Amino acid sequence: MTETPFDDLRGRCCVVTGGAGVICGAIAGCLASRGVKTALVDLRADAAKRKAGEIAKSTGGAVLGVGADVLDKKSLAEAKKRISDAFGPVDILINGAGGNGAKATTSVEKIGEEDIDHLDATFFGLDADSFRSVFDLNFMGTLLPTMMFAADMVRQKSGSVLNISSMNSFRPLTRIPAYSAAKASVNNFTAWLAAHLAPRNVRVNAVAPGFLLTDQNRFLLTDQKTGELTARGRKIIGATPMGRFGDPGDLLGAVLFLISDMSRFVTGVVLPVDGGFNTYSGV
C-alpha cells in the first residue's frame, strides 16, 4: 500500500488538553480519523467522555476522554496513568487548554479624558485574581501538562509537543491584557523548550490561530442580542485580508504538519493561521 501524507501518525498516542472544546475537539477528531490513539483531557470530565464517545463513533478510532485540571499536577498524574494504561507511552502532546475571562478584560480600548473619573473600566480596574486566573490557565496550563506528558518522549527519544498560541501573542489586542501576555509567554516558552529538548529528538512548536469565533470571544465580537458583529468584530474582519473569521477546520493542516514527520527538522516555530491578519498594516 502506498504511504500517504501523515501516515506516520497512525498508531501513535496523542494527548489533547482542552479536548472537549470546539477547536481541540475538531483537532482530536481529525487525529482519530487518521488512526491516532487520542486522549481528550478536559476539566469537564463528562464533556471529555461525551466528546470522546462521539469521535470514536464517527471515526472508529481509539479515543479516551479523561477529566483533569491542567493546573494541578496530581490531577494530571492520575490522567497520565489512565492514558498510559489504555494507550501506552505518549508520543504527541497538544496543549489546547486555555481561554479568556470577562473580569480580565477592560471595558474601554484606550483611556480618554472622559475615563479619568471612571478608571475602573480601564487597566486600573482589572481584578488581579481574574488576571492571574487567565494568565495561569493559558501559560501554566501549558507548562504543567508538558512536564507530565512530554517525559515519555524524552525517554523514548522521539516526540512532538504542539502549543496553541494566538495572534494576540504577536500583536497584543486592546482590552485583553492577561490573555495576550500569557500567549506571548507561550511563544517564548515554545522556543526555549524546543532548544532544551532538541538533543532528545523531541520537537516543540506552536500554531497561532487568527480570529475564530468561539465561546471564549463571542461576547467581544458579536452582539448577544442581535447576533450582529460588534464594532470590534468589524475591525477584525476589516484587518483580515481574507475577510472572514476562521473555522476550527482551518487549523488542521498546520497541526498535522507540525506533529508529523513531515516537519521532522522544524522546531521552535510559531506558525500563524490567521487569514493574513499578521501581514496587514491596515493601509
# chains A, B, ... in the order shown; residues from 1 in each chain; ligands from 1
>>> residues_around(residues="Thr279 (chain A)", least_positions_apart="4", cutoff="10 Å", atoms="only C-alpha atoms", output="mmCIF file with N, CA and C atoms, in the first residue's frame")
data_model
loop_
_atom_site.group_PDB
_atom_site.id
_atom_site.type_symbol
_atom_site.label_atom_id
_atom_site.label_comp_id
_atom_site.auth_asym_id
_atom_site.auth_seq_id
_atom_site.Cartn_x
_atom_site.Cartn_y
_atom_site.Cartn_z
ATOM 1 N N ALA A 239 -9.400 44.049 9.190
ATOM 2 C CA ALA A 239 -7.942 43.906 9.252
ATOM 3 C C ALA A 239 -7.469 42.515 8.841
ATOM 4 N N THR A 240 -8.399 41.675 8.421
ATOM 5 C CA THR A 240 -8.060 40.321 7.979
ATOM 6 C C THR A 240 -8.202 40.255 6.466
ATOM 7 N N PRO A 241 -7.108 40.186 5.709
ATOM 8 C CA PRO A 241 -7.187 40.228 4.258
ATOM 9 C C PRO A 241 -8.138 39.206 3.644
ATOM 10 N N PRO A 272 1.562 31.210 12.243
ATOM 11 C CA PRO A 272 0.266 31.886 12.198
ATOM 12 C C PRO A 272 -0.695 31.175 11.241
ATOM 13 N N ASP A 274 -4.061 32.616 10.201
ATOM 14 C CA ASP A 274 -4.806 33.831 10.574
ATOM 15 C C ASP A 274 -5.462 34.583 9.431
ATOM 16 N N GLY A 275 -5.518 33.999 8.254
ATOM 17 C CA GLY A 275 -6.147 34.701 7.134
ATOM 18 C C GLY A 275 -5.417 35.951 6.712
#
>>> closest_atom_pairs(of="region 70-104 of chain A", to="region 13-31 of chain A", cutoff="9 Å", atoms="only C-alpha atoms", output="Markdown table")
| residue | atom | partner | partner_atom | distance |
| --- | --- | --- | --- | --- |
| A:Val70 | CA | A:Thr17 | CA | 7.7 |
| A:Ile83 | CA | A:Val15 | CA | 8.3 |
| A:Phe87 | CA | A:Cys13 | CA | 6.4 |
| A:Gly88 | CA | A:Cys13 | CA | 7.3 |
| A:Pro89 | CA | A:Cys13 | CA | 6.9 |
| A:Val90 | CA | A:Cys13 | CA | 5.1 |
| A:Asp91 | CA | A:Cys13 | CA | 5.2 |
| A:Ile92 | CA | A:Cys14 | CA | 4.4 |
| A:Leu93 | CA | A:Val15 | CA | 4.9 |
| A:Ile94 | CA | A:Val16 | CA | 4.8 |
| A:Asn95 | CA | A:Thr17 | CA | 5.3 |
| A:Gly96 | CA | A:Thr17 | CA | 5.1 |
| A:Ala97 | CA | A:Gly18 | CA | 4.0 |
| A:Gly98 | CA | A:Gly18 | CA | 7.2 |
>>> atom_distance(atom1="CA of Pro248 (chain A)", atom2="CA of Thr174 (chain A)")
23.6 Å
>>> residues_around(residues="Ser165 (chain A)", least_positions_apart="4", cutoff="7 Å", atoms="only C-alpha atoms", output="MDAnalysis selection string")
chainID A and resid 169 183 186:187 206:209
>>> select_by_dssp(residues="region 109-208 of chain A", states="strand (DSSP E)", output="JSON, numbers by chain")
{"A": [159, 160, 161, 162, 163, 164, 202, 203, 204, 205, 206, 207, 208]}
>>> write_last_selection(atoms="C-alpha atoms", output="PDB file, in the first residue's frame")
ATOM      1  CA  GLY A 159       8.008  13.014  20.131  1.00  0.00           C
ATOM      2  CA  SER A 160       6.280  16.284  19.368  1.00  0.00           C
ATOM      3  CA  VAL A 161       4.728  18.984  21.538  1.00  0.00           C
ATOM      4  CA  LEU A 162       2.360  21.465  19.903  1.00  0.00           C
ATOM      5  CA  ASN A 163       1.217  24.530  21.830  1.00  0.00           C
ATOM      6  CA  ILE A 164      -1.832  26.565  20.890  1.00  0.00           C
ATOM      7  CA  VAL A 202      11.628  15.968  20.823  1.00  0.00           C
ATOM      8  CA  ARG A 203      10.248  18.872  18.803  1.00  0.00           C
ATOM      9  CA  VAL A 204       8.245  21.775  20.247  1.00  0.00           C
ATOM     10  CA  ASN A 205       6.221  24.107  18.035  1.00  0.00           C
ATOM     11  CA  ALA A 206       3.061  26.190  18.188  1.00  0.00           C
ATOM     12  CA  VAL A 207       0.243  27.369  15.983  1.00  0.00           C
ATOM     13  CA  ALA A 208      -1.150  30.885  16.400  1.00  0.00           C
TER      14      ALA A 208
END
>>> residues_around(residues="region 112-122 of chain A", least_positions_apart="4", cutoff="12 Å", atoms="only C-alpha atoms", output="PDB file with N, CA and C atoms, in the first residue's frame")
ATOM      1  N   ALA A 102     -14.101  37.556  31.305  1.00  0.00           N
ATOM      2  CA  ALA A 102     -14.625  38.922  31.224  1.00  0.00           C
ATOM      3  C   ALA A 102     -13.997  39.849  32.255  1.00  0.00           C
ATOM      4  N   LYS A 103     -13.695  39.343  33.452  1.00  0.00           N
ATOM      5  CA  LYS A 103     -13.149  40.194  34.505  1.00  0.00           C
ATOM      6  C   LYS A 103     -11.659  40.486  34.313  1.00  0.00           C
ATOM      7  N   ALA A 104     -11.030  39.837  33.332  1.00  0.00           N
ATOM      8  CA  ALA A 104      -9.644  40.153  32.979  1.00  0.00           C
ATOM      9  C   ALA A 104      -9.607  40.981  31.701  1.00  0.00           C
ATOM     10  N   THR A 105     -10.737  41.596  31.389  1.00  0.00           N
ATOM     11  CA  THR A 105     -10.912  42.363  30.156  1.00  0.00           C
ATOM     12  C   THR A 105     -11.337  43.789  30.507  1.00  0.00           C
ATOM     13  N   THR A 106     -10.724  44.773  29.867  1.00  0.00           N
ATOM     14  CA  THR A 106     -11.125  46.160  30.122  1.00  0.00           C
ATOM     15  C   THR A 106     -12.348  46.515  29.287  1.00  0.00           C
ATOM     16  N   SER A 107     -13.138  47.435  29.779  1.00  0.00           N
ATOM     17  CA  SER A 107     -14.336  47.861  29.050  1.00  0.00           C
ATOM     18  C   SER A 107     -14.006  48.829  27.932  1.00  0.00           C
ATOM     19  N   VAL A 108     -12.937  49.609  28.099  1.00  0.00           N
ATOM     20  CA  VAL A 108     -12.553  50.585  27.076  1.00  0.00           C
ATOM     21  C   VAL A 108     -11.237  50.163  26.436  1.00  0.00           C
ATOM     22  N   LEU A 126      -8.866  46.406  36.572  1.00  0.00           N
ATOM     23  CA  LEU A 126      -8.851  44.954  36.373  1.00  0.00           C
ATOM     24  C   LEU A 126      -8.766  44.232  37.713  1.00  0.00           C
ATOM     25  N   ASP A 127      -9.481  43.142  37.813  1.00  0.00           N
ATOM     26  CA  ASP A 127      -9.435  42.314  39.010  1.00  0.00           C
ATOM     27  C   ASP A 127      -8.169  41.455  38.969  1.00  0.00           C
ATOM     28  N   THR A 174      -6.254  45.315  22.147  1.00  0.00           N
ATOM     29  CA  THR A 174      -6.811  46.121  23.235  1.00  0.00           C
ATOM     30  C   THR A 174      -7.811  45.283  24.025  1.00  0.00           C
ATOM     31  N   ARG A 175      -7.963  45.634  25.294  1.00  0.00           N
ATOM     32  CA  ARG A 175      -8.966  45.070  26.210  1.00  0.00           C
ATOM     33  C   ARG A 175      -8.581  43.732  26.850  1.00  0.00           C
ATOM     34  N   ILE A 176      -7.677  42.950  26.271  1.00  0.00           N
ATOM     35  CA  ILE A 176      -7.432  41.607  26.823  1.00  0.00           C
ATOM     36  C   ILE A 176      -5.954  41.410  27.208  1.00  0.00           C
ATOM     37  N   PRO A 177      -5.472  42.156  28.191  1.00  0.00           N
ATOM     38  CA  PRO A 177      -4.050  42.111  28.532  1.00  0.00           C
ATOM     39  C   PRO A 177      -3.588  40.784  29.128  1.00  0.00           C
TER      40      PRO A 177
END
>>> residues_around(residues="Asp46 (chain A)", least_positions_apart="6", cutoff="12 Å", atoms="only C-alpha atoms", output="list in words")
Gly19, Ala20, Leu40, Ala52, Gly53, Leu64, Gly65, Val66, Gly67 and Ala68 of chain A
>>> write_last_selection(atoms="N, CA and C atoms", output="short mmCIF file (atom, residue, chain, number, x, y, z; two decimals), in the first residue's frame")
data_model
loop_
_atom_site.label_atom_id
_atom_site.label_comp_id
_atom_site.auth_asym_id
_atom_site.auth_seq_id
_atom_site.Cartn_x
_atom_site.Cartn_y
_atom_site.Cartn_z
N GLY A 19 -9.61 19.15 25.31
CA GLY A 19 -10.14 18.34 24.22
C GLY A 19 -11.64 18.36 24.05
N ALA A 20 -12.38 18.79 25.06
CA ALA A 20 -13.84 18.84 24.93
C ALA A 20 -14.31 20.12 24.26
N LEU A 40 -8.50 12.76 25.13
CA LEU A 40 -9.01 14.10 25.36
C LEU A 40 -8.98 14.38 26.86
N ALA A 52 -15.32 12.25 23.46
CA ALA A 52 -14.55 11.07 23.05
C ALA A 52 -15.46 10.01 22.45
N GLY A 53 -16.64 9.81 23.06
CA GLY A 53 -17.58 8.83 22.53
C GLY A 53 -18.08 9.22 21.15
N LEU A 64 -10.15 8.24 24.08
CA LEU A 64 -10.40 8.19 25.51
C LEU A 64 -10.65 9.59 26.03
N GLY A 65 -11.69 9.77 26.85
CA GLY A 65 -11.96 11.06 27.49
C GLY A 65 -11.60 10.98 28.96
N VAL A 66 -10.80 11.93 29.43
CA VAL A 66 -10.30 11.91 30.80
C VAL A 66 -10.48 13.28 31.43
N GLY A 67 -11.00 13.31 32.64
CA GLY A 67 -11.11 14.56 33.37
C GLY A 67 -9.82 14.88 34.11
N ALA A 68 -9.34 16.11 34.00
CA ALA A 68 -8.13 16.54 34.72
C ALA A 68 -8.05 18.05 34.71
#
>>> residues_around(residues="Gly99 (chain A)", least_positions_apart="2", cutoff="8 Å", atoms="only C-alpha atoms", output="list in words")
Ala97, Gly101, Val134, Leu137, Asn138, Tyr179 and Gln216 of chain A
>>> atom_distance(atom1="CA of Ser133 (chain A)", atom2="CA of Ala178 (chain A)")
8.8 Å
>>> select_by_dssp(residues="region 18-246 of chain A", states="alpha helix (DSSP H)", output="PyMOL selection string")
chain A and resi 22-33+45-59+73-87+128-138+140-149+151-156+177-197+218-221+231-238
>>> closest_residue(among="A:Gln156, A:Glu54, A:Ala181, A:Ser84", to="Arg132 (chain A)", atoms="only C-alpha atoms")
A:Ala181
>>> atom_distance(atom1="CA of Ala195 (chain A)", atom2="CA of Phe265 (chain A)")
12.5 Å
>>> closest_residue(among="A:Arg218, A:Asp69, A:Gly60, A:Asp152", to="Arg44 (chain A)", atoms="only C-alpha atoms")
A:Asp69
